[in-house]
$ cat input.txt   # compact mmCIF, C-alpha atoms and all ligand atoms
# COMPACT_ATOMS: atom_id res chain seq x y z
CA MET A 1 0.00 0.00 0.00
CA LEU A 2 2.66 2.45 1.13
CA GLN A 3 4.91 1.23 -1.62
CA ALA A 4 2.19 1.73 -4.18
CA SER A 5 1.62 5.33 -3.14
CA ARG A 6 5.36 6.01 -3.23
CA ARG A 7 5.51 4.58 -6.73
CA GLU A 8 2.55 6.75 -7.68
CA LYS A 9 4.29 9.85 -6.36
CA ARG A 10 7.42 9.07 -8.31
CA LEU A 11 5.41 8.60 -11.51
CA ALA A 12 3.67 11.93 -10.86
CA GLN A 13 7.00 13.72 -10.38
CA MET A 14 8.13 12.39 -13.74
CA HIS A 15 4.82 13.50 -15.26
CA ILE A 16 3.93 9.96 -16.13
CA GLU A 17 0.27 8.97 -16.15
CA LYS A 18 -1.11 6.80 -13.39
CA PRO A 19 -2.30 3.46 -14.78
CA LEU A 20 -6.03 3.31 -13.98
CA GLU A 21 -8.36 0.39 -14.28
CA PRO A 22 -12.17 0.53 -14.36
CA PRO A 23 -13.96 1.93 -12.46
CA LYS A 24 -11.15 4.24 -11.22
CA ASN A 25 -10.87 5.61 -14.77
CA GLY A 26 -14.56 6.42 -15.00
CA LEU A 27 -15.51 3.38 -17.07
CA LEU A 28 -17.95 0.73 -15.90
CA VAL A 29 -16.84 -2.68 -14.67
CA PRO A 30 -18.87 -4.94 -16.99
CA GLU A 31 -19.07 -7.92 -14.63
CA LEU A 32 -20.52 -5.73 -11.87
CA VAL A 33 -23.39 -4.31 -13.96
CA PRO A 34 -25.60 -7.37 -13.27
CA VAL A 35 -24.65 -7.17 -9.57
CA ALA A 36 -25.81 -3.54 -9.48
CA HIS A 37 -29.15 -4.54 -11.03
CA GLU A 38 -29.54 -7.33 -8.51
CA VAL A 39 -28.84 -5.02 -5.58
CA LEU A 40 -31.42 -2.51 -6.78
CA ASP A 41 -34.04 -5.18 -7.40
CA ASN A 42 -33.47 -6.63 -3.92
CA TRP A 43 -33.53 -3.14 -2.42
CA LYS A 44 -37.07 -2.64 -3.81
CA VAL A 45 -38.19 -6.03 -2.47
CA LEU A 46 -36.71 -5.11 0.92
CA ILE A 47 -38.48 -1.74 1.18
CA ARG A 48 -41.80 -3.09 0.01
CA GLY A 49 -41.53 -6.14 2.27
CA LEU A 50 -40.63 -4.11 5.35
CA SER A 51 -43.50 -1.68 4.83
CA GLN A 52 -45.88 -4.63 4.65
CA LEU A 53 -44.42 -6.44 7.65
CA LEU A 54 -44.64 -3.25 9.71
CA ASN A 55 -48.40 -3.70 9.67
CA VAL A 56 -47.87 -6.85 11.71
CA VAL A 57 -44.71 -6.38 13.78
CA SER A 58 -44.34 -3.24 15.93
CA VAL A 59 -41.28 -1.04 16.05
CA TYR A 60 -40.47 1.55 18.71
CA GLY A 61 -37.97 4.36 18.78
CA CYS A 62 -36.84 6.13 21.95
CA ARG A 63 -37.83 9.81 22.07
CA LYS A 64 -34.63 10.68 23.94
CA CYS A 65 -31.91 8.48 22.45
CA PRO A 66 -31.20 6.62 19.19
CA GLN A 67 -32.32 3.19 20.46
CA VAL A 68 -34.85 1.16 18.51
CA HIS A 69 -36.88 -1.80 19.67
CA VAL A 70 -38.68 -4.44 17.61
CA GLY A 71 -41.55 -6.26 19.31
CA PRO A 72 -45.09 -5.85 20.62
CA VAL A 73 -44.01 -3.73 23.64
CA GLY A 74 -40.91 -1.63 24.29
CA HIS A 75 -38.24 -3.37 26.37
CA GLN A 76 -37.60 -2.43 30.01
CA ILE A 77 -33.82 -2.66 29.95
CA GLN A 78 -32.48 0.42 31.70
CA ASP A 79 -29.87 1.54 29.21
CA CYS A 80 -31.12 4.97 28.11
CA TYR A 81 -28.61 7.80 28.28
CA GLY A 82 -30.81 10.39 26.58
CA SER A 83 -31.89 13.65 28.22
CA GLY A 84 -33.86 13.19 31.45
CA SER A 85 -32.92 9.52 31.66
CA GLN A 86 -31.99 9.88 35.35
CA ARG A 87 -35.58 10.83 36.13
CA ARG A 88 -36.72 7.70 34.28
CA ASN A 89 -34.19 5.41 36.01
CA SER A 90 -32.61 4.98 32.57
CA HIS A 91 -35.81 3.56 31.11
CA HIS A 92 -36.42 4.53 27.49
CA SER A 93 -39.28 6.72 26.41
CA TRP A 94 -40.80 4.65 23.62
CA ALA A 95 -42.86 5.96 20.72
CA ARG A 96 -44.15 4.04 17.71
CA GLY A 97 -41.52 3.90 15.00
CA SER A 98 -41.53 3.61 11.22
CA ILE A 99 -39.57 1.93 8.46
CA ASN A 100 -36.84 4.58 8.93
CA ASP A 101 -36.18 3.23 12.42
CA VAL A 102 -35.57 -0.22 10.93
CA LEU A 103 -33.73 0.73 7.76
CA ILE A 104 -31.82 3.86 8.73
CA PRO A 105 -31.84 6.21 5.74
CA ILE A 106 -28.35 6.95 4.40
CA GLU A 107 -28.52 9.40 1.55
CA SER A 108 -25.95 10.92 -0.75
CA TYR A 109 -25.85 13.36 -3.66
CA HIS A 110 -26.77 12.00 -7.04
CA LEU A 111 -24.00 12.90 -9.46
CA PHE A 112 -24.44 12.90 -13.22
CA ASP A 113 -20.66 12.68 -13.45
CA PRO A 114 -18.84 11.49 -10.31
CA PHE A 115 -15.55 12.48 -12.00
CA GLY A 116 -16.83 15.94 -12.90
CA ARG A 117 -17.07 19.07 -10.76
CA ARG A 118 -17.06 18.54 -7.02
CA VAL A 119 -20.23 19.35 -5.11
CA LYS A 120 -19.50 22.64 -3.30
CA HIS A 121 -21.27 24.19 -0.37
CA ASP A 122 -22.94 26.79 -2.60
CA THR A 123 -23.96 24.31 -5.28
CA ARG A 124 -25.37 21.62 -3.00
CA PHE A 125 -28.98 22.37 -3.87
CA ASP A 126 -28.29 21.60 -7.52
CA TYR A 127 -28.10 17.92 -6.63
CA ASP A 128 -30.75 15.42 -5.57
CA ARG A 129 -30.27 13.49 -2.35
CA ILE A 130 -31.08 9.83 -2.90
CA PRO A 131 -30.38 6.60 -0.97
CA ALA A 132 -26.63 5.96 -1.12
CA ILE A 133 -27.32 2.38 -2.22
CA VAL A 134 -29.32 3.59 -5.20
CA GLU A 135 -26.55 6.04 -6.16
CA LEU A 136 -24.01 3.23 -5.93
CA CYS A 137 -26.14 1.06 -8.25
CA ILE A 138 -26.45 3.94 -10.74
CA GLN A 139 -22.70 4.57 -10.76
CA ALA A 140 -22.15 0.83 -11.21
CA GLY A 141 -24.32 0.70 -14.33
CA VAL A 142 -28.06 0.81 -13.61
CA ASP A 143 -29.75 3.42 -15.82
CA LEU A 144 -32.66 5.21 -14.20
CA PRO A 145 -34.26 7.85 -16.44
CA GLN A 146 -34.92 10.27 -13.57
CA TYR A 147 -31.28 10.10 -12.40
CA PRO A 148 -29.22 10.27 -15.60
CA SER A 149 -25.60 9.22 -15.44
CA ARG A 150 -22.69 10.08 -17.71
CA ARG A 151 -21.43 6.91 -19.36
CA ARG A 152 -17.92 7.45 -20.66
CA THR A 153 -16.50 5.82 -23.74
CA ALA A 154 -12.98 7.17 -23.13
CA PRO A 155 -11.19 6.74 -19.81
CA VAL A 156 -10.37 9.51 -17.33
CA ARG A 157 -6.61 10.11 -17.27
CA MET A 158 -4.63 11.24 -14.26
CA ILE A 159 -1.12 12.25 -13.27
CA GLY A 160 -0.82 11.76 -9.53
CA LYS A 161 -3.91 13.29 -7.95
CA LYS A 162 -4.52 15.60 -10.91
CA VAL A 163 -7.05 14.75 -13.60
CA ILE A 164 -5.50 15.59 -16.95
CA ASP A 165 -8.36 14.36 -19.12
CA ARG A 166 -11.96 13.81 -18.06
CA GLY A 167 -13.43 14.64 -21.41
CA GLU A 168 -15.31 17.90 -21.70
CA PHE A 169 -17.61 19.07 -18.98
CA VAL A 170 -21.00 17.94 -20.13
CA ASP A 171 -24.14 19.76 -19.05
CA GLU A 172 -26.41 17.59 -17.07
CA PRO A 173 -29.47 16.55 -19.08
CA LYS A 174 -32.86 17.43 -17.65
CA PRO A 175 -34.24 14.44 -15.78
CA GLN A 176 -37.45 12.99 -17.12
CA ARG A 177 -40.21 13.16 -14.58
CA SER A 178 -43.06 11.14 -15.93
CA GLU A 179 -45.75 9.43 -13.88
CA HIS A 180 -43.88 6.16 -14.23
CA CYS A 181 -40.82 7.78 -12.69
CA VAL A 182 -42.73 9.03 -9.66
CA SER A 183 -43.95 5.54 -8.88
CA LEU A 184 -40.45 4.21 -9.38
CA LEU A 185 -39.12 6.78 -6.89
CA ALA A 186 -41.56 5.52 -4.30
CA GLU A 187 -40.07 2.05 -4.66
CA LEU A 188 -36.53 3.24 -4.08
CA ASP A 189 -36.91 5.39 -1.01
CA THR A 190 -38.14 4.75 2.53
CA PHE A 191 -39.52 8.29 2.88
CA SER A 192 -42.37 8.03 0.44
CA ASN A 193 -45.38 7.10 2.49
CA GLN A 194 -46.36 3.82 0.98
CA GLN A 195 -49.88 2.65 1.45
CA VAL A 196 -49.46 -1.07 1.47
CA GLN A 197 -51.80 -3.87 2.40
CA SER A 198 -51.13 -6.05 5.40
CA PRO A 199 -50.06 -9.52 4.42
CA SER A 200 -52.53 -12.23 5.24
CA PRO A 201 -51.27 -14.59 7.98
CA SER A 202 -50.63 -17.35 5.47
CA ASN A 203 -48.43 -15.12 3.34
CA MET A 204 -46.66 -13.53 6.21
CA LYS A 205 -44.03 -16.17 6.78
CA GLU A 206 -43.27 -16.28 3.07
CA LEU A 207 -43.01 -12.50 2.94
CA ALA A 208 -40.74 -12.45 6.01
CA LYS A 209 -38.43 -15.00 4.40
CA ARG A 210 -38.33 -13.13 1.10
CA THR A 211 -37.66 -9.81 2.81
CA LEU A 212 -34.83 -11.21 4.92
CA LYS A 213 -33.29 -12.84 1.87
CA ALA A 214 -33.45 -9.52 0.02
CA TYR A 215 -31.69 -7.82 2.95
CA LEU A 216 -28.85 -10.34 2.95
CA ASN A 217 -28.58 -10.06 -0.85
CA VAL A 218 -28.39 -6.26 -0.67
CA ARG A 219 -25.60 -6.41 1.91
CA ARG A 220 -23.65 -9.00 -0.06
CA GLY A 221 -24.08 -7.13 -3.35
CA VAL A 222 -23.13 -3.77 -1.86
CA GLU A 223 -19.97 -5.33 -0.47
CA GLN A 224 -19.12 -6.67 -3.93
CA LEU A 225 -19.73 -3.29 -5.57
CA MET A 226 -17.70 -1.51 -2.90
CA SER A 227 -14.73 -3.76 -3.55
CA LYS A 228 -14.29 -1.81 -6.82
CA TYR A 229 -16.37 1.37 -6.65
CA THR A 230 -15.27 4.07 -4.23
CA VAL A 231 -17.63 5.12 -1.46
CA LYS A 232 -16.46 7.65 1.12
CA ALA A 233 -17.77 8.07 4.65
CA CYS A 234 -17.11 10.92 7.03
CA GLY A 235 -15.08 9.95 10.10
CA TYR A 236 -17.02 12.45 12.25
CA CYS A 237 -20.65 12.08 11.13
CA SER A 238 -22.86 9.70 9.16
CA GLU A 239 -22.45 11.46 5.79
CA VAL A 240 -21.70 9.14 2.89
CA HIS A 241 -20.48 10.09 -0.56
CA VAL A 242 -20.56 7.77 -3.54
CA GLY A 243 -17.77 8.62 -5.97
CA PRO A 244 -14.02 9.01 -6.02
CA TRP A 245 -13.37 12.25 -4.09
CA GLY A 246 -15.88 13.21 -1.43
CA HIS A 247 -17.63 16.60 -1.58
CA ASN A 248 -17.05 20.07 -0.13
CA VAL A 249 -20.39 20.73 1.53
CA LYS A 250 -19.70 22.12 5.01
CA LEU A 251 -22.41 20.51 7.07
CA CYS A 252 -20.38 18.14 9.20
CA GLY A 253 -21.63 17.40 12.67
CA ALA A 254 -23.71 20.59 12.48
CA PHE A 255 -22.05 22.63 15.27
CA LYS A 256 -19.73 20.18 17.00
CA HIS A 257 -16.85 20.56 14.60
CA GLN A 258 -16.57 24.30 14.19
CA TRP A 259 -12.81 24.03 14.33
CA ARG A 260 -12.91 22.27 10.98
CA ASP A 261 -15.30 24.81 9.53
CA GLY A 262 -17.91 22.09 9.06
CA LYS A 263 -15.75 20.16 6.60
CA HIS A 264 -16.26 16.41 6.48
CA GLY A 265 -13.31 14.11 7.04
CA TRP A 266 -13.49 11.61 4.18
CA GLN A 267 -12.28 8.04 4.50
CA ASP A 268 -13.02 4.90 2.54
CA ALA A 269 -16.40 3.60 3.69
CA VAL A 270 -17.25 0.11 4.92
CA VAL A 271 -20.52 -1.69 4.19
CA ASP A 272 -21.95 -0.94 7.65
CA GLU A 273 -21.68 2.78 6.94
CA VAL A 274 -23.73 2.48 3.76
CA ILE A 275 -26.30 0.10 5.27
CA PRO A 276 -25.99 0.43 9.07
CA PRO A 277 -26.80 -2.83 10.91
CA ASN A 278 -28.81 -0.91 13.52
CA TYR A 279 -28.59 -3.56 16.25
CA VAL A 280 -31.58 -4.17 18.52
CA TRP A 281 -32.17 -6.62 21.38
CA HIS A 282 -33.39 -9.98 20.15
CA VAL A 283 -36.76 -10.91 21.65
CA PRO A 284 -36.81 -14.71 21.94
CA ASP A 285 -40.51 -14.84 22.81
CA PRO A 286 -42.52 -11.86 21.52
CA SER A 287 -45.62 -13.05 23.40
CA GLY A 288 -43.73 -13.27 26.70
CA SER A 289 -43.07 -10.53 29.23
CA PRO A 290 -40.93 -7.54 28.16
CA LEU A 291 -37.14 -7.82 28.26
CA ARG A 292 -35.71 -6.42 31.48
CA SER A 293 -32.41 -5.36 32.98
CA SER A 294 -31.99 -8.26 35.40
CA LEU A 295 -31.89 -10.76 32.53
CA ARG A 296 -29.80 -8.60 30.27
CA SER A 297 -26.83 -10.96 30.25
CA PHE A 298 -29.01 -13.65 28.65
CA TYR A 299 -30.21 -11.58 25.70
CA GLY A 300 -28.67 -11.42 22.26
CA LYS A 301 -28.81 -8.76 19.56
CA ALA A 302 -29.61 -8.64 15.87
CA PRO A 303 -29.82 -6.07 13.08
CA ALA A 304 -33.31 -4.51 13.23
CA VAL A 305 -34.27 -5.89 9.80
CA VAL A 306 -33.25 -9.42 10.80
CA GLU A 307 -35.11 -9.18 14.12
CA LEU A 308 -38.24 -7.89 12.41
CA CYS A 309 -38.26 -10.63 9.78
CA VAL A 310 -37.58 -13.32 12.41
CA GLN A 311 -40.47 -12.09 14.56
CA ALA A 312 -42.65 -12.25 11.44
CA GLY A 313 -41.74 -15.90 10.90
CA ALA A 314 -38.46 -16.07 8.99
CA GLU A 315 -35.84 -18.52 10.16
CA ILE A 316 -32.76 -17.10 11.88
CA PRO A 317 -29.91 -17.05 9.36
CA ASP A 318 -26.93 -19.16 10.47
CA GLU A 319 -24.56 -16.21 10.51
CA TYR A 320 -26.73 -14.44 13.12
CA ARG A 321 -27.35 -17.38 15.48
CA ALA A 322 -24.42 -16.71 17.79
CA MET A 323 -25.11 -12.98 18.03
CA MET A 324 -28.78 -13.64 18.79
CA ARG A 325 -27.74 -16.17 21.45
CA THR A 326 -30.18 -18.82 20.29
CA ASP A 327 -28.37 -21.42 22.40
CA ILE A 328 -29.03 -19.65 25.72
CA VAL A 329 -31.92 -20.73 27.94
CA ILE A 330 -33.44 -17.70 29.61
CA PRO A 331 -34.72 -18.32 33.13
CA ASP A 332 -38.39 -17.45 33.71
CA SER A 333 -37.45 -14.85 36.25
CA VAL A 334 -34.58 -13.91 38.49
CA GLU A 335 -36.64 -14.99 41.50
CA ALA A 336 -37.04 -18.44 40.04
CA ARG A 337 -33.31 -18.58 39.58
CA MET A 338 -32.68 -17.43 43.13
CA ALA A 339 -35.10 -19.99 44.54
CA ALA A 340 -33.50 -22.82 42.63
ZN ZN B 401 -32.61 -4.15 -13.13
ZN ZN B 402 -33.60 5.93 25.16
ZN ZN B 403 -19.05 14.77 8.53

$ encode --input "input.txt" --output "structure tokens"
Amino acid sequence: MLQASRREKRLAQMHIEKPLEPPKNGLLVPELVPVAHEVLDNWKVLIRGLSQLLNVVSVYGCRKCPQVHVGPVGHQIQDCYGSGSQRRNSHHSWARGSINDVLIPIESYHLFDPFGRRVKHDTRFDYDRIPAIVELCIQAGVDLPQYPSRRRTAPVRMIGKKVIDRGEFVDEPKPQRSEHCVSLLAELDTFSNQQVQSPSPSNMKELAKRTLKAYLNVRRGVEQLMSKYTVKACGYCSEVHVGPWGHNVKLCGAFKHQWRDGKHGWQDAVVDEVIPPNYVWHVPDPSGSPLRSSLRSFYGKAPAVVELCVQAGAEIPDEYRAMMRTDIVIPDSVEARMAA
């Protein structure tokens, strides 16, 4: 790694071009185009499935802290550190949640040309904010008429960190906003209020399975795409940027990072930053009494999507069994344990 960057520097000093392979040179990676389509298709199945399952399984969010709970009643584990938690003995203050508490929205700017002009603070309103996963799929080859993307035929050329040839700046075409596009947007985004029917009990298990499978497919596919396509995440806040260089919008951490003038600190992102696991307590028996502090050491955790699908009837995926502590027998109550 270090050696590579040293070699790069030497090449740059000699004004020799950096050898770039797709997608670092702005061209698509052909074998990842089908992966991008698969991710987007699974993403739609996931959103639609979750909005249906939410008619059956309840989700709560704490009013005072970021915690989320999946299950018929909020848990009673005293681990709230939000404002006023001392008055509540560290109990959470639960309110009914939505799909955005399960699938935490991570958005990024849609770029017609990720290798073109950087998004600046003053130009930020010229760009749409869309789910980062959707932007990644577009940059990896999915064509969506409402979010046009520049497809190069000639590679970007660089010497060191300087782009010497990116083709001409091309004006962004006007997106087509037809009725079809509006309905497509609703499928891609968790913010559009979807009116969906509750699944019938017989379909529910099937739907839970399908939704969980879609989730695992999205995560796997995103990981594959991110092995080639650059995604940046800010080291100080949850901002994500899809594309090679980050952006210059100064909205980092709102007021906490005044000393950096609101500039984000870009690093290479990991999958969990693009699709946060959003861990919740696993409820082994949703019809039993609420989870409580005294039994805390017996409980496991799971990503909110996994927990929701499992409570709706999906089987626990092997890779989550240990984390969800399926092997642990939970005593009926502490008193019972004491008496024994
Ligand atoms: Zn497709
Ligand atoms: Zn809380
Ligand atoms: Zn930031």

$ residues_near_ligand --input "input.txt" --ligand "ligand ZN 402 (chain B)" --cutoff "12 Å" --atoms "all atoms listed in the file" --output "PyMOL selection string"
chain A and resi 60-69+74-86+88-95

$ residues_around --input "input.txt" --residues "A:Pro173" --least-positions-apart "6" --cutoff "12 Å" --atoms "all atoms listed in the file" --output "VMD selection string"
chain A and resid 111 to 113 145 to 150

$ closest_atom_pairs --input "input.txt" --of "chain A" --to "ligand ZN 403 (chain B)" --cutoff "12 Å" --atoms "all atoms listed in the file" --output "JSON lines"
{"residue": "A:Lys232", "atom": "CA", "partner": "B:ZN403", "partner_atom": "ZN", "distance": 10.6}
{"residue": "A:Ala233", "atom": "CA", "partner": "B:ZN403", "partner_atom": "ZN", "distance": 7.8}
{"residue": "A:Cys234", "atom": "CA", "partner": "B:ZN403", "partner_atom": "ZN", "distance": 4.6}
{"residue": "A:Gly235", "atom": "CA", "partner": "B:ZN403", "partner_atom": "ZN", "distance": 6.4}
{"residue": "A:Tyr236", "atom": "CA", "partner": "B:ZN403", "partner_atom": "ZN", "distance": 4.8}
{"residue": "A:Cys237", "atom": "CA", "partner": "B:ZN403", "partner_atom": "ZN", "distance": 4.1}
{"residue": "A:Ser238", "atom": "CA", "partner": "B:ZN403", "partner_atom": "ZN", "distance": 6.4}
{"residue": "A:Glu239", "atom": "CA", "partner": "B:ZN403", "partner_atom": "ZN", "distance": 5.5}
{"residue": "A:Val240", "atom": "CA", "partner": "B:ZN403", "partner_atom": "ZN", "distance": 8.4}
{"residue": "A:His241", "atom": "CA", "partner": "B:ZN403", "partner_atom": "ZN", "distance": 10.3}
{"residue": "A:Gly246", "atom": "CA", "partner": "B:ZN403", "partner_atom": "ZN", "distance": 10.6}
{"residue": "A:His247", "atom": "CA", "partner": "B:ZN403", "partner_atom": "ZN", "distance": 10.4}
{"residue": "A:Asn248", "atom": "CA", "partner": "B:ZN403", "partner_atom": "ZN", "distance": 10.3}
{"residue": "A:Val249", "atom": "CA", "partner": "B:ZN403", "partner_atom": "ZN", "distance": 9.3}
{"residue": "A:Lys250", "atom": "CA", "partner": "B:ZN403", "partner_atom": "ZN", "distance": 8.2}
{"residue": "A:Leu251", "atom": "CA", "partner": "B:ZN403", "partner_atom": "ZN", "distance": 6.8}
{"residue": "A:Cys252", "atom": "CA", "partner": "B:ZN403", "partner_atom": "ZN", "distance": 3.7}
{"residue": "A:Gly253", "atom": "CA", "partner": "B:ZN403", "partner_atom": "ZN", "distance": 5.5}
{"residue": "A:Ala254", "atom": "CA", "partner": "B:ZN403", "partner_atom": "ZN", "distance": 8.4}
{"residue": "A:Phe255", "atom": "CA", "partner": "B:ZN403", "partner_atom": "ZN", "distance": 10.8}
{"residue": "A:Lys256", "atom": "CA", "partner": "B:ZN403", "partner_atom": "ZN", "distance": 10.1}
{"residue": "A:His257", "atom": "CA", "partner": "B:ZN403", "partner_atom": "ZN", "distance": 8.7}
{"residue": "A:Gln258", "atom": "CA", "partner": "B:ZN403", "partner_atom": "ZN", "distance": 11.4}
{"residue": "A:Arg260", "atom": "CA", "partner": "B:ZN403", "partner_atom": "ZN", "distance": 10.0}
{"residue": "A:Asp261", "atom": "CA", "partner": "B:ZN403", "partner_atom": "ZN", "distance": 10.8}
{"residue": "A:Gly262", "atom": "CA", "partner": "B:ZN403", "partner_atom": "ZN", "distance": 7.4}
{"residue": "A:Lys263", "atom": "CA", "partner": "B:ZN403", "partner_atom": "ZN", "distance": 6.6}
{"residue": "A:His264", "atom": "CA", "partner": "B:ZN403", "partner_atom": "ZN", "distance": 3.8}
{"residue": "A:Gly265", "atom": "CA", "partner": "B:ZN403", "partner_atom": "ZN", "distance": 6.0}
{"residue": "A:Trp266", "atom": "CA", "partner": "B:ZN403", "partner_atom": "ZN", "distance": 7.7}
{"residue": "A:Gln267", "atom": "CA", "partner": "B:ZN403", "partner_atom": "ZN", "distance": 10.4}

$ residues_near_point --input "input.txt" --point "(-44.4, -6.2, 10.7)" --cutoff "8 Å" --atoms "all atoms listed in the file" --output "ChimeraX atom specification"
/A:50-58,308-309,312

$ atom_distance --input "input.txt" --atom1 "atom CA of A:Ile133" --atom2 "atom CA of A:Ala186"
14.7 Å

$ residues_near_ligand --input "input.txt" --ligand "ligand ZN 401 (chain B)" --cutoff "12 Å" --atoms "all atoms listed in the file" --output "ChimeraX atom specification"
/A:33-44,134,137-138,140-144

$ residues_around --input "input.txt" --residues "stretch 7-21 of chain A" --least-positions-apart "2" --cutoff "9 Å" --atoms "only C-alpha atoms" --output "short mmCIF file (atom, residue, chain, number, x, y, z; two decimals) with C-alpha atoms, keeping the file's coordinate frame"
data_model
loop_
_atom_site.label_atom_id
_atom_site.label_comp_id
_atom_site.auth_asym_id
_atom_site.auth_seq_id
_atom_site.Cartn_x
_atom_site.Cartn_y
_atom_site.Cartn_z
CA LEU A 2 2.66 2.45 1.13
CA GLN A 3 4.91 1.23 -1.62
CA ALA A 4 2.19 1.73 -4.18
CA SER A 5 1.62 5.33 -3.14
CA PRO A 23 -13.96 1.93 -12.46
CA LYS A 24 -11.15 4.24 -11.22
CA ASN A 25 -10.87 5.61 -14.77
CA GLY A 26 -14.56 6.42 -15.00
CA LEU A 27 -15.51 3.38 -17.07
CA PRO A 155 -11.19 6.74 -19.81
CA VAL A 156 -10.37 9.51 -17.33
CA ARG A 157 -6.61 10.11 -17.27
CA MET A 158 -4.63 11.24 -14.26
CA ILE A 159 -1.12 12.25 -13.27
CA GLY A 160 -0.82 11.76 -9.53
CA LYS A 161 -3.91 13.29 -7.95
CA LYS A 162 -4.52 15.60 -10.91
CA ILE A 164 -5.50 15.59 -16.95
#

$ atom_distance --input "input.txt" --atom1 "atom CA of A:Pro303" --atom2 "atom CA of A:Val280"
6.0 Å

$ closest_residue --input "input.txt" --among "A:Val305, A:Pro114, A:Met324, A:Glu206" --to "A:Tyr127" --atoms "all atoms listed in the file"
A:Pro114
